[in-house]
file run-v8.cif (mmCIF, C-alpha atoms and all ligand atoms)
data_final
loop_
_atom_site.group_PDB
_atom_site.id
_atom_site.type_symbol
_atom_site.label_atom_id
_atom_site.label_comp_id
_atom_site.auth_asym_id
_atom_site.auth_seq_id
_atom_site.Cartn_x
_atom_site.Cartn_y
_atom_site.Cartn_z
ATOM 1 C CA MET A 1 121.533 98.896 109.284
ATOM 2 C CA ALA A 2 119.100 96.828 111.244
ATOM 3 C CA LEU A 3 116.220 98.298 109.313
ATOM 4 C CA PHE A 4 117.258 96.535 106.142
ATOM 5 C CA SER A 5 116.916 93.157 107.762
ATOM 6 C CA ASN A 6 113.602 94.299 109.125
ATOM 7 C CA THR A 7 112.348 95.256 105.698
ATOM 8 C CA PHE A 8 111.587 91.732 104.617
ATOM 9 C CA LEU A 9 109.988 90.887 107.936
ATOM 10 C CA VAL A 10 107.686 93.799 107.486
ATOM 11 C CA LEU A 11 107.012 92.895 103.861
ATOM 12 C CA SER A 12 105.812 89.579 105.192
ATOM 13 C CA ILE A 13 103.656 91.429 107.704
ATOM 14 C CA LEU A 14 102.246 93.487 104.828
ATOM 15 C CA SER A 15 101.210 90.313 103.145
ATOM 16 C CA LEU A 16 99.324 89.244 106.243
ATOM 17 C CA LEU A 17 97.209 92.369 106.349
ATOM 18 C CA ALA A 18 94.373 90.920 104.333
ATOM 19 C CA CYS A 19 94.031 87.720 106.002
ATOM 20 C CA ALA A 20 94.460 87.666 109.697
ATOM 21 C CA ALA A 21 90.717 87.737 110.090
ATOM 22 C CA ASN A 22 89.870 85.366 107.252
ATOM 23 C CA GLY A 23 91.373 82.075 108.271
ATOM 24 C CA GLN A 24 94.630 80.283 108.125
ATOM 25 C CA LEU A 25 97.304 81.106 105.622
ATOM 26 C CA SER A 26 100.053 78.614 105.047
ATOM 27 C CA PRO A 27 103.210 78.420 102.929
ATOM 28 C CA THR A 28 102.074 74.953 101.816
ATOM 29 C CA PHE A 29 98.512 75.952 100.904
ATOM 30 C CA TYR A 30 98.910 74.835 97.266
ATOM 31 C CA SER A 31 101.497 72.118 97.704
ATOM 32 C CA ARG A 32 99.080 69.355 96.821
ATOM 33 C CA ASN A 33 96.902 71.107 94.215
ATOM 34 C CA CYS A 34 99.547 73.228 92.522
ATOM 35 C CA PRO A 35 102.990 71.919 93.400
ATOM 36 C CA ASN A 36 104.736 73.896 90.639
ATOM 37 C CA LEU A 37 103.193 77.234 91.533
ATOM 38 C CA GLN A 38 106.302 78.843 92.958
ATOM 39 C CA THR A 39 108.511 77.617 90.109
ATOM 40 C CA VAL A 40 106.113 79.081 87.546
ATOM 41 C CA VAL A 41 105.868 82.473 89.290
ATOM 42 C CA ARG A 42 109.613 82.681 89.778
ATOM 43 C CA SER A 43 110.378 81.859 86.175
ATOM 44 C CA VAL A 44 107.990 84.444 84.680
ATOM 45 C CA MET A 45 109.297 87.053 87.124
ATOM 46 C CA ALA A 46 112.890 86.177 86.229
ATOM 47 C CA GLN A 47 112.129 86.738 82.534
ATOM 48 C CA ALA A 48 110.310 90.001 83.235
ATOM 49 C CA VAL A 49 113.114 91.390 85.425
ATOM 50 C CA GLN A 50 115.704 90.246 82.914
ATOM 51 C CA LYS A 51 113.852 92.210 80.236
ATOM 52 C CA GLU A 52 113.404 95.292 82.431
ATOM 53 C CA THR A 53 114.983 95.490 85.890
ATOM 54 C CA ARG A 54 112.480 98.100 87.010
ATOM 55 C CA MET A 55 109.713 95.519 86.825
ATOM 56 C CA ALA A 56 110.803 94.171 90.231
ATOM 57 C CA ALA A 57 109.977 97.587 91.679
ATOM 58 C CA SER A 58 106.749 97.996 89.770
ATOM 59 C CA ILE A 59 105.380 94.668 90.985
ATOM 60 C CA LEU A 60 106.430 95.389 94.568
ATOM 61 C CA ARG A 61 104.532 98.668 94.413
ATOM 62 C CA LEU A 62 101.457 96.923 92.973
ATOM 63 C CA PHE A 63 101.489 94.642 96.003
ATOM 64 C CA PHE A 64 101.703 97.624 98.385
ATOM 65 C CA HIS A 65 98.860 99.403 96.610
ATOM 66 C CA ASP A 66 96.790 96.228 96.714
ATOM 67 C CA CYS A 67 97.366 95.611 100.418
ATOM 68 C CA PHE A 68 96.565 99.137 101.603
ATOM 69 C CA VAL A 69 93.072 99.014 100.122
ATOM 70 C CA ASN A 70 90.957 96.489 101.995
ATOM 71 C CA GLY A 71 93.843 94.062 102.382
ATOM 72 C CA CYS A 72 95.930 92.001 99.966
ATOM 73 C CA ASP A 73 92.968 90.701 97.990
ATOM 74 C CA GLY A 74 94.026 91.339 94.393
ATOM 75 C CA SER A 75 91.481 94.159 94.086
ATOM 76 C CA ILE A 76 94.009 96.401 92.319
ATOM 77 C CA LEU A 77 94.013 93.938 89.410
ATOM 78 C CA LEU A 78 90.331 94.389 88.542
ATOM 79 C CA ASP A 79 89.632 96.367 85.373
ATOM 80 C CA ASP A 80 87.042 99.091 85.150
ATOM 81 C CA THR A 81 83.945 98.180 83.137
ATOM 82 C CA PRO A 82 80.910 100.270 82.216
ATOM 83 C CA THR A 83 79.259 99.052 85.430
ATOM 84 C CA PHE A 84 82.249 98.672 87.725
ATOM 85 C CA THR A 85 84.784 101.178 88.955
ATOM 86 C CA GLY A 86 87.966 99.611 90.253
ATOM 87 C CA GLU A 87 91.213 100.910 91.717
ATOM 88 C CA LYS A 88 93.358 101.103 88.588
ATOM 89 C CA ASN A 89 92.271 104.642 87.873
ATOM 90 C CA ALA A 90 92.444 105.943 91.422
ATOM 91 C CA GLY A 91 94.797 108.924 91.781
ATOM 92 C CA PRO A 92 97.804 106.994 93.154
ATOM 93 C CA ASN A 93 97.493 104.327 90.425
ATOM 94 C CA ALA A 94 96.402 106.065 87.218
ATOM 95 C CA ASN A 95 99.262 106.356 84.711
ATOM 96 C CA SER A 96 101.537 105.159 87.484
ATOM 97 C CA ALA A 97 100.877 101.616 88.682
ATOM 98 C CA ARG A 98 102.452 99.260 86.176
ATOM 99 C CA GLY A 99 103.278 95.611 85.649
ATOM 100 C CA PHE A 100 99.709 94.333 85.245
ATOM 101 C CA GLU A 101 100.712 92.488 82.079
ATOM 102 C CA VAL A 102 103.339 90.540 84.023
ATOM 103 C CA ILE A 103 100.756 89.419 86.583
ATOM 104 C CA ASP A 104 98.463 88.461 83.682
ATOM 105 C CA ALA A 105 101.286 86.424 82.106
ATOM 106 C CA ILE A 106 101.939 84.626 85.387
ATOM 107 C CA LYS A 107 98.224 83.956 85.834
ATOM 108 C CA THR A 108 98.013 82.449 82.327
ATOM 109 C CA GLN A 109 100.866 80.054 83.073
ATOM 110 C CA VAL A 110 99.536 79.186 86.517
ATOM 111 C CA GLU A 111 96.115 78.435 85.015
ATOM 112 C CA ALA A 112 97.772 76.159 82.456
ATOM 113 C CA ALA A 113 99.526 74.277 85.265
ATOM 114 C CA CYS A 114 96.618 74.154 87.735
ATOM 115 C CA LYS A 115 93.284 75.412 86.546
ATOM 116 C CA ALA A 116 91.101 77.536 88.838
ATOM 117 C CA THR A 117 93.193 76.855 91.901
ATOM 118 C CA VAL A 118 95.442 79.789 92.780
ATOM 119 C CA SER A 119 94.196 83.250 93.683
ATOM 120 C CA CYS A 120 95.524 86.331 91.908
ATOM 121 C CA ALA A 121 96.145 87.845 95.334
ATOM 122 C CA ASP A 122 98.572 85.014 96.128
ATOM 123 C CA ILE A 123 100.221 85.356 92.716
ATOM 124 C CA LEU A 124 100.860 89.039 93.400
ATOM 125 C CA ALA A 125 102.304 88.288 96.846
ATOM 126 C CA LEU A 126 104.662 85.676 95.382
ATOM 127 C CA ALA A 127 105.645 87.858 92.429
ATOM 128 C CA ALA A 128 106.511 90.789 94.717
ATOM 129 C CA ARG A 129 108.705 88.537 96.851
ATOM 130 C CA ASP A 130 110.440 87.120 93.782
ATOM 131 C CA GLY A 131 111.047 90.566 92.312
ATOM 132 C CA VAL A 132 112.748 91.718 95.509
ATOM 133 C CA SER A 133 114.942 88.666 95.713
ATOM 134 C CA LEU A 134 115.832 88.791 91.995
ATOM 135 C CA VAL A 135 117.345 92.266 92.442
ATOM 136 C CA GLY A 136 119.470 91.332 95.414
ATOM 137 C CA GLY A 137 116.999 91.628 98.259
ATOM 138 C CA PRO A 138 116.060 89.037 100.835
ATOM 139 C CA ASN A 139 113.903 85.998 100.273
ATOM 140 C CA TRP A 140 111.044 84.993 102.533
ATOM 141 C CA ASN A 141 108.319 82.409 102.800
ATOM 142 C CA VAL A 142 105.005 83.728 101.512
ATOM 143 C CA LEU A 143 101.993 82.547 103.433
ATOM 144 C CA LEU A 144 99.306 81.549 100.945
ATOM 145 C CA GLY A 145 95.572 81.011 100.745
ATOM 146 C CA ARG A 146 94.220 84.524 100.131
ATOM 147 C CA ARG A 147 90.843 84.843 98.444
ATOM 148 C CA ASP A 148 90.417 87.246 95.545
ATOM 149 C CA ALA A 149 88.195 90.260 95.929
ATOM 150 C CA ARG A 150 85.147 90.606 93.747
ATOM 151 C CA MET A 151 84.896 94.242 94.736
ATOM 152 C CA ALA A 152 87.296 97.134 94.637
ATOM 153 C CA SER A 153 87.193 100.629 96.057
ATOM 154 C CA GLN A 154 88.478 103.575 94.114
ATOM 155 C CA SER A 155 87.602 105.902 96.969
ATOM 156 C CA ALA A 156 89.548 103.779 99.495
ATOM 157 C CA ALA A 157 92.499 103.719 97.078
ATOM 158 C CA ASN A 158 92.324 107.502 96.945
ATOM 159 C CA SER A 159 92.147 107.929 100.680
ATOM 160 C CA ASN A 160 94.331 105.089 102.043
ATOM 161 C CA LEU A 161 97.470 105.478 99.941
ATOM 162 C CA PRO A 162 99.976 108.111 101.051
ATOM 163 C CA GLY A 163 101.070 110.818 98.620
ATOM 164 C CA PRO A 164 104.597 112.082 97.898
ATOM 165 C CA GLY A 165 104.004 115.362 99.731
ATOM 166 C CA SER A 166 102.825 113.674 102.945
ATOM 167 C CA SER A 167 104.158 114.863 106.282
ATOM 168 C CA LEU A 168 105.638 112.477 108.828
ATOM 169 C CA SER A 169 102.536 112.628 110.994
ATOM 170 C CA THR A 170 100.293 111.870 108.010
ATOM 171 C CA LEU A 171 102.496 108.946 107.001
ATOM 172 C CA ILE A 172 102.468 107.569 110.525
ATOM 173 C CA SER A 173 98.702 107.787 110.774
ATOM 174 C CA MET A 174 98.085 106.259 107.330
ATOM 175 C CA PHE A 175 100.251 103.262 108.212
ATOM 176 C CA ALA A 176 98.670 103.065 111.658
ATOM 177 C CA ALA A 177 95.296 102.784 109.912
ATOM 178 C CA GLN A 178 96.623 99.530 108.417
ATOM 179 C CA GLY A 179 97.867 98.212 111.750
ATOM 180 C CA LEU A 180 101.492 99.123 111.020
ATOM 181 C CA ASN A 181 103.567 101.139 113.466
ATOM 182 C CA ALA A 182 106.116 103.855 112.716
ATOM 183 C CA ARG A 183 108.980 101.394 112.707
ATOM 184 C CA ASP A 184 107.133 99.116 110.259
ATOM 185 C CA MET A 185 106.542 102.178 108.098
ATOM 186 C CA THR A 186 110.214 103.106 108.027
ATOM 187 C CA ALA A 187 111.208 99.545 107.171
ATOM 188 C CA LEU A 188 108.592 99.266 104.408
ATOM 189 C CA SER A 189 109.697 102.588 102.952
ATOM 190 C CA GLY A 190 113.010 100.873 102.255
ATOM 191 C CA ALA A 191 111.244 99.540 99.143
ATOM 192 C CA HIS A 192 112.247 102.879 97.622
ATOM 193 C CA THR A 193 115.751 101.455 97.274
ATOM 194 C CA ILE A 194 114.536 100.358 93.821
ATOM 195 C CA GLY A 195 112.310 101.867 91.168
ATOM 196 C CA ARG A 196 111.649 105.245 89.632
ATOM 197 C CA ALA A 197 109.502 108.283 90.283
ATOM 198 C CA ARG A 198 108.243 110.955 87.945
ATOM 199 C CA CYS A 199 109.474 114.534 88.076
ATOM 200 C CA GLN A 200 106.071 115.930 89.009
ATOM 201 C CA PHE A 201 106.329 114.129 92.343
ATOM 202 C CA PHE A 202 109.716 115.498 93.404
ATOM 203 C CA ARG A 203 109.947 118.864 91.595
ATOM 204 C CA ASN A 204 108.860 120.874 94.573
ATOM 205 C CA ARG A 205 111.367 119.045 96.759
ATOM 206 C CA ILE A 206 114.402 119.748 94.578
ATOM 207 C CA PHE A 207 113.444 123.356 93.840
ATOM 208 C CA ASN A 208 111.959 124.582 97.080
ATOM 209 C CA GLU A 209 112.968 122.488 100.068
ATOM 210 C CA ALA A 210 115.725 123.191 102.555
ATOM 211 C CA ASN A 211 116.293 119.659 103.837
ATOM 212 C CA VAL A 212 117.907 118.525 100.580
ATOM 213 C CA ASN A 213 121.537 118.020 99.562
ATOM 214 C CA ALA A 214 122.393 120.823 97.120
ATOM 215 C CA SER A 215 124.362 118.749 94.623
ATOM 216 C CA PHE A 216 121.669 116.055 94.646
ATOM 217 C CA ALA A 217 119.024 118.691 93.896
ATOM 218 C CA ALA A 218 121.184 120.151 91.108
ATOM 219 C CA LEU A 219 121.637 116.725 89.528
ATOM 220 C CA ARG A 220 117.935 115.984 89.594
ATOM 221 C CA LYS A 221 117.099 119.401 88.102
ATOM 222 C CA GLN A 222 119.011 118.389 84.972
ATOM 223 C CA THR A 223 116.152 116.108 83.997
ATOM 224 C CA CYS A 224 113.374 117.632 86.094
ATOM 225 C CA PRO A 225 113.130 121.303 85.142
ATOM 226 C CA ALA A 226 111.047 123.936 86.900
ATOM 227 C CA SER A 227 108.369 123.464 84.283
ATOM 228 C CA GLY A 228 107.777 120.681 81.772
ATOM 229 C CA GLY A 229 109.118 117.151 81.839
ATOM 230 C CA ASP A 230 106.508 116.038 84.361
ATOM 231 C CA ASN A 231 106.884 112.407 83.374
ATOM 232 C CA ASN A 232 110.678 112.320 83.320
ATOM 233 C CA LEU A 233 111.899 109.564 85.585
ATOM 234 C CA ALA A 234 114.562 109.561 88.262
ATOM 235 C CA PRO A 235 115.744 106.638 90.361
ATOM 236 C CA PHE A 236 114.763 106.636 94.009
ATOM 237 C CA ASP A 237 118.222 105.448 95.041
ATOM 238 C CA ILE A 238 121.043 107.590 93.688
ATOM 239 C CA GLN A 239 123.696 105.025 94.656
ATOM 240 C CA THR A 240 122.433 101.625 93.508
ATOM 241 C CA PRO A 241 119.158 102.324 91.688
ATOM 242 C CA ASP A 242 118.338 98.740 90.772
ATOM 243 C CA GLN A 243 119.751 96.864 93.741
ATOM 244 C CA PHE A 244 117.602 96.057 96.759
ATOM 245 C CA ASP A 245 119.989 97.143 99.527
ATOM 246 C CA ASN A 246 120.105 99.643 102.378
ATOM 247 C CA ALA A 247 121.427 102.599 100.361
ATOM 248 C CA TYR A 248 117.964 104.201 100.599
ATOM 249 C CA TYR A 249 118.556 104.845 104.281
ATOM 250 C CA GLN A 250 122.095 106.130 103.705
ATOM 251 C CA ASN A 251 120.644 108.545 101.154
ATOM 252 C CA LEU A 252 118.138 109.867 103.681
ATOM 253 C CA VAL A 253 120.899 110.535 106.207
ATOM 254 C CA ASN A 254 122.714 112.444 103.429
ATOM 255 C CA ARG A 255 119.511 114.375 102.642
ATOM 256 C CA LYS A 256 119.257 112.692 99.250
ATOM 257 C CA GLY A 257 115.766 111.288 99.607
ATOM 258 C CA LEU A 258 113.877 111.737 96.316
ATOM 259 C CA LEU A 259 110.375 112.451 97.574
ATOM 260 C CA HIS A 260 109.392 114.854 100.307
ATOM 261 C CA SER A 261 107.732 111.860 102.002
ATOM 262 C CA ASP A 262 111.011 109.909 101.889
ATOM 263 C CA GLN A 263 112.996 112.687 103.526
ATOM 264 C CA GLU A 264 110.336 113.028 106.232
ATOM 265 C CA LEU A 265 111.867 109.875 107.740
ATOM 266 C CA PHE A 266 115.046 111.842 108.444
ATOM 267 C CA ASN A 267 114.241 115.491 109.031
ATOM 268 C CA GLY A 268 114.968 116.206 112.657
ATOM 269 C CA GLY A 269 111.776 114.399 113.640
ATOM 270 C CA SER A 270 110.847 111.319 115.613
ATOM 271 C CA GLN A 271 111.972 108.740 113.029
ATOM 272 C CA ASP A 272 115.567 109.973 112.833
ATOM 273 C CA ALA A 273 116.721 107.805 115.699
ATOM 274 C CA LEU A 274 115.986 104.689 113.658
ATOM 275 C CA LEU A 275 118.409 105.746 110.933
ATOM 276 C CA SER A 276 121.304 107.408 112.713
HETATM 277 C C1 LIG A 301 105.609 105.851 102.738
HETATM 278 C C2 LIG A 301 104.755 106.299 101.857
HETATM 279 C C3 LIG A 301 104.936 106.158 100.367
HETATM 280 C C4 LIG A 301 104.739 107.130 99.446
HETATM 281 C C5 LIG A 301 104.287 108.548 99.728
HETATM 282 C C6 LIG A 301 105.057 106.570 98.163
HETATM 283 C C7 LIG A 301 104.962 107.250 96.969
HETATM 284 C C8 LIG A 301 105.454 106.804 95.770
HETATM 285 C C9 LIG A 301 105.478 107.568 94.539
HETATM 286 C C10 LIG A 301 104.937 108.989 94.375
HETATM 287 C C11 LIG A 301 106.067 106.808 93.596
HETATM 288 C C12 LIG A 301 106.362 107.196 92.142
HETATM 289 C C13 LIG A 301 105.115 107.029 91.296
HETATM 290 C C14 LIG A 301 105.267 107.604 89.906
HETATM 291 O O1 LIG A 301 106.221 108.322 89.630
HETATM 292 O O2 LIG A 301 104.387 107.315 89.062
HETATM 293 C C15 LIG A 301 106.410 105.545 94.216
HETATM 294 C C16 LIG A 301 107.053 104.507 93.591
HETATM 295 C C17 LIG A 301 107.359 103.312 94.209
HETATM 296 N N1 LIG A 301 106.938 102.901 95.455
HETATM 297 FE FE1 LIG A 301 106.232 104.079 96.883
HETATM 298 N N2 LIG A 301 105.440 105.271 98.329
HETATM 299 C C18 LIG A 301 105.374 104.969 99.661
HETATM 300 C C19 LIG A 301 105.623 103.736 100.234
HETATM 301 C C20 LIG A 301 105.944 102.601 99.545
HETATM 302 C C21 LIG A 301 105.958 101.269 100.099
HETATM 303 C C22 LIG A 301 105.554 100.914 101.520
HETATM 304 C C23 LIG A 301 106.366 100.433 99.094
HETATM 305 C C24 LIG A 301 106.510 98.942 99.100
HETATM 306 C C25 LIG A 301 106.624 98.198 100.190
HETATM 307 C C26 LIG A 301 106.621 101.262 97.940
HETATM 308 C C27 LIG A 301 107.135 100.828 96.753
HETATM 309 C C28 LIG A 301 107.400 101.639 95.665
HETATM 310 C C29 LIG A 301 108.196 101.230 94.540
HETATM 311 C C30 LIG A 301 108.975 99.934 94.446
HETATM 312 C C31 LIG A 301 108.162 102.279 93.606
HETATM 313 C C32 LIG A 301 108.806 102.317 92.220
HETATM 314 C C33 LIG A 301 107.821 101.750 91.215
HETATM 315 C C34 LIG A 301 108.323 101.731 89.788
HETATM 316 O O3 LIG A 301 109.474 102.067 89.520
HETATM 317 O O4 LIG A 301 107.509 101.339 88.925
HETATM 318 N N3 LIG A 301 106.320 102.559 98.237
HETATM 319 N N4 LIG A 301 106.022 105.563 95.537
#

call {"tool": "encode", "arguments": {"input": "run-v8.cif", "output": "structure tokens"}}
result
Amino acid sequence: MALFSNTFLVLSILSLLACAANGQLSPTFYSRNCPNLQTVVRSVMAQAVQKETRMAASILRLFFHDCFVNGCDGSILLDDTPTFTGEKNAGPNANSARGFEVIDAIKTQVEAACKATVSCADILALAARDGVSLVGGPNWNVLLGRRDARMASQSAANSNLPGPGSSLSTLISMFAAQGLNARDMTALSGAHTIGRARCQFFRNRIFNEANVNASFAALRKQTCPASGGDNNLAPFDIQTPDQFDNAYYQNLVNRKGLLHSDQELFNGGSQDALLS
């Protein structure tokens, strides 16, 4: 499907969100001051994904959650302190966003190679790209030169990030608020070809919705009962859960999207034409 090839283009667009207004980004931004940057990031990501394949997904999601809140400025990485409230404990991130320790490990190695040179925002953008490519997805050039935020916004994290029960029109308007159109949104949603979601986010879909494949719902109910097991995980992609491919879109056409918000992209509505 054409959308798969668009996914990486749009991921690159995502990474531009922060910076269009702030000056020039360039793939060679650190080539003089930190020539080994990309080798270091790639090698820590390779170890992390080798240890746990899901980490590719977790880092990709961190990047998305960073970019949708005042741009890709690393703000999601800032810890809460007694005098500072960051984004880590916003609703969409608390007990859910993961992989911070991998970004910390990359940062430590990057600092050892080139002290006080590379932004955490750029490290996250590179790590997300490497995760995708390590699990079979496309590769792309990451434009670099982002500045790290010194501020974060828990309230913007709460209001800008879409939830699993979102309707198509809500999804479209939340992406539009970031300068992304409906086609961009559908391509970016292809990230759900990897990773896991917790039962509490898809229970209502498998028990109560009509636009769901019956055998898919029955399978998911085995580990996501009507009550209890809120944190039990299921893969987004029933076919190739850890491969970055286009099976996510095939699943939607077969009404096997995991989240309500996933299936909204193929529900008799305006986005269907992109997938069929
Ligand atoms: C379209 C609206 C979206 C909604 C409503 C949504 C919602 C969610 C939810 C509820 C989870 C599971 C969280 C949990 O169980 O703790 C999740 C996981 C994930 N999301 Fe999204 N998401 C959306 C778009 C995106 C986009 C645009 C990307 C990246 C470009 C993305 C990447 C991921 C990944 C890779 C995971 C799996 C993370 C892991 O396994 O650790 N999502 N998403």

call {"tool": "resolve_selection", "arguments": {"input": "run-v8.cif", "expression": "the PyMOL selection byres (((chain A and resi 149) around 10) and not hetatm)", "output": "list of chain:residue names"}}
result
A:Asn70, A:Gly71, A:Cys72, A:Asp73, A:Gly74, A:Ser75, A:Ile76, A:Leu77, A:Leu78, A:Ser119, A:Cys120, A:Ala121, A:Arg146, A:Arg147, A:Asp148, A:Arg150, A:Met151, A:Ala152

call {"tool": "resolve_selection", "arguments": {"input": "run-v8.cif", "expression": "the PyMOL selection byres (((chain A and resi 45) around 10) and not hetatm)", "output": "PDB file with C-alpha atoms, keeping the file's coordinate frame"}}
result
ATOM      1  CA  THR A  39     108.511  77.617  90.109  1.00  0.00           C
ATOM      2  CA  VAL A  40     106.113  79.081  87.546  1.00  0.00           C
ATOM      3  CA  VAL A  41     105.868  82.473  89.290  1.00  0.00           C
ATOM      4  CA  ARG A  42     109.613  82.681  89.778  1.00  0.00           C
ATOM      5  CA  SER A  43     110.378  81.859  86.175  1.00  0.00           C
ATOM      6  CA  VAL A  44     107.990  84.444  84.680  1.00  0.00           C
ATOM      7  CA  ALA A  46     112.890  86.177  86.229  1.00  0.00           C
ATOM      8  CA  GLN A  47     112.129  86.738  82.534  1.00  0.00           C
ATOM      9  CA  ALA A  48     110.310  90.001  83.235  1.00  0.00           C
ATOM     10  CA  VAL A  49     113.114  91.390  85.425  1.00  0.00           C
ATOM     11  CA  GLN A  50     115.704  90.246  82.914  1.00  0.00           C
ATOM     12  CA  LYS A  51     113.852  92.210  80.236  1.00  0.00           C
ATOM     13  CA  MET A  55     109.713  95.519  86.825  1.00  0.00           C
ATOM     14  CA  ALA A  56     110.803  94.171  90.231  1.00  0.00           C
ATOM     15  CA  ILE A  59     105.380  94.668  90.985  1.00  0.00           C
ATOM     16  CA  VAL A 102     103.339  90.540  84.023  1.00  0.00           C
ATOM     17  CA  ILE A 103     100.756  89.419  86.583  1.00  0.00           C
ATOM     18  CA  ALA A 105     101.286  86.424  82.106  1.00  0.00           C
ATOM     19  CA  ILE A 106     101.939  84.626  85.387  1.00  0.00           C
ATOM     20  CA  LEU A 126     104.662  85.676  95.382  1.00  0.00           C
ATOM     21  CA  ALA A 127     105.645  87.858  92.429  1.00  0.00           C
ATOM     22  CA  ALA A 128     106.511  90.789  94.717  1.00  0.00           C
ATOM     23  CA  ARG A 129     108.705  88.537  96.851  1.00  0.00           C
ATOM     24  CA  ASP A 130     110.440  87.120  93.782  1.00  0.00           C
ATOM     25  CA  GLY A 131     111.047  90.566  92.312  1.00  0.00           C
ATOM     26  CA  LEU A 134     115.832  88.791  91.995  1.00  0.00           C
TER      27      LEU A 134
END

call {"tool": "residues_near_ligand", "arguments": {"input": "run-v8.cif", "ligand": "ligand LIG 301 (chain A)", "cutoff": "6 Å", "atoms": "all atoms listed in the file", "output": "list in words"}}
result
Arg54, Ala57, Ser58, Leu60, Arg61, Phe64, Ser96, Pro162, Gly163, Pro164, Leu188, Ser189, Ala191, His192, Ile194, Gly195, Arg196, Ala197, Arg198, Phe201 and Ser261 of chain A

call {"tool": "closest_residue", "arguments": {"input": "run-v8.cif", "among": "A:Ala218, A:Val253, A:Leu143, A:Leu258", "to": "Phe236 in chain A", "atoms": "all atoms listed in the file"}}
result
A:Leu258

call {"tool": "residues_near_point", "arguments": {"input": "run-v8.cif", "point": "(88.7, 99.9, 99.0)", "cutoff": "9 Å", "atoms": "all atoms listed in the file", "output": "tab-separated table (two decimals) with C-alpha atoms, in the coordinates of the input"}}
result
chain	number	residue	atom	x	y	z
A	68	PHE	CA	96.56	99.14	101.60
A	69	VAL	CA	93.07	99.01	100.12
A	70	ASN	CA	90.96	96.49	102.00
A	71	GLY	CA	93.84	94.06	102.38
A	75	SER	CA	91.48	94.16	94.09
A	86	GLY	CA	87.97	99.61	90.25
A	87	GLU	CA	91.21	100.91	91.72
A	151	MET	CA	84.90	94.24	94.74
A	152	ALA	CA	87.30	97.13	94.64
A	153	SER	CA	87.19	100.63	96.06
A	154	GLN	CA	88.48	103.58	94.11
A	155	SER	CA	87.60	105.90	96.97
A	156	ALA	CA	89.55	103.78	99.50
A	157	ALA	CA	92.50	103.72	97.08
A	158	ASN	CA	92.32	107.50	96.94
A	159	SER	CA	92.15	107.93	100.68
A	160	ASN	CA	94.33	105.09	102.04

call {"tool": "closest_residue", "arguments": {"input": "run-v8.cif", "among": "A:Leu161, A:Leu37, A:Leu171, A:Ser215", "to": "Ala90 in chain A", "atoms": "only C-alpha atoms"}}
result
A:Leu161

call {"tool": "residues_around", "arguments": {"input": "run-v8.cif", "residues": "Gly190 in chain A", "least_positions_apart": "3", "cutoff": "7 Å", "atoms": "all atoms listed in the file", "output": "VMD selection string"}}
result
chain A and resid 7 186 to 187 193 248

call {"tool": "closest_residue", "arguments": {"input": "run-v8.cif", "among": "A:Asn213, A:Lys107, A:Gly268, A:Leu62", "to": "Asn93 in chain A", "atoms": "all atoms listed in the file"}}
result
A:Leu62

call {"tool": "resolve_selection", "arguments": {"input": "run-v8.cif", "expression": "the PyMOL selection byres (((chain A and resi 240-247) around 6) and not hetatm)", "output": "list in words"}}
result
Phe4, Val135, Gly136, Gly137, Thr193, Ile194, Pro235, Asp237, Ile238, Gln239, Tyr248, Tyr249 and Gln250 of chain A

call {"tool": "residues_around", "arguments": {"input": "run-v8.cif", "residues": "Ser270 in chain A", "least_positions_apart": "5", "cutoff": "10 Å", "atoms": "all atoms listed in the file", "output": "tab-separated table (two decimals) with C-alpha atoms, keeping the file's coordinate frame"}}
result
chain	number	residue	atom	x	y	z
A	168	LEU	CA	105.64	112.48	108.83
A	169	SER	CA	102.54	112.63	110.99
A	182	ALA	CA	106.12	103.86	112.72
A	264	GLU	CA	110.34	113.03	106.23
A	265	LEU	CA	111.87	109.88	107.74

call {"tool": "atom_distance", "arguments": {"input": "run-v8.cif", "atom1": "CA of Asn141 in chain A", "atom2": "CA of Phe100 in chain A"}}
result
22.9 Å

call {"tool": "decode", "arguments": {"input": "run-v8.cif", "residues": "range 191-198 of chain A", "atoms": "N, CA and C atoms", "output": "short mmCIF file (atom, residue, chain, number, x, y, z; two decimals), in the first residue's frame"}}
result
data_model
loop_
_atom_site.label_atom_id
_atom_site.label_comp_id
_atom_site.auth_asym_id
_atom_site.auth_seq_id
_atom_site.Cartn_x
_atom_site.Cartn_y
_atom_site.Cartn_z
N ALA A 191 2.35 3.61 12.62
CA ALA A 191 3.29 3.25 13.70
C ALA A 191 2.71 2.14 14.56
N HIS A 192 1.39 2.03 14.60
CA HIS A 192 0.77 0.95 15.38
C HIS A 192 0.91 -0.41 14.69
N THR A 193 1.81 -0.53 13.78
CA THR A 193 2.21 -1.86 13.26
C THR A 193 3.17 -2.55 14.23
N ILE A 194 3.67 -1.80 15.21
CA ILE A 194 4.53 -2.39 16.25
C ILE A 194 4.02 -1.93 17.62
N GLY A 195 4.45 -2.62 18.64
CA GLY A 195 4.15 -2.20 20.00
C GLY A 195 2.93 -2.88 20.60
N ARG A 196 2.65 -2.48 21.83
CA ARG A 196 1.61 -3.13 22.62
C ARG A 196 0.70 -2.08 23.24
N ALA A 197 -0.53 -2.49 23.52
CA ALA A 197 -1.44 -1.63 24.27
C ALA A 197 -2.04 -2.43 25.41
N ARG A 198 -2.44 -1.68 26.45
CA ARG A 198 -3.02 -2.33 27.62
C ARG A 198 -4.51 -2.53 27.44
#
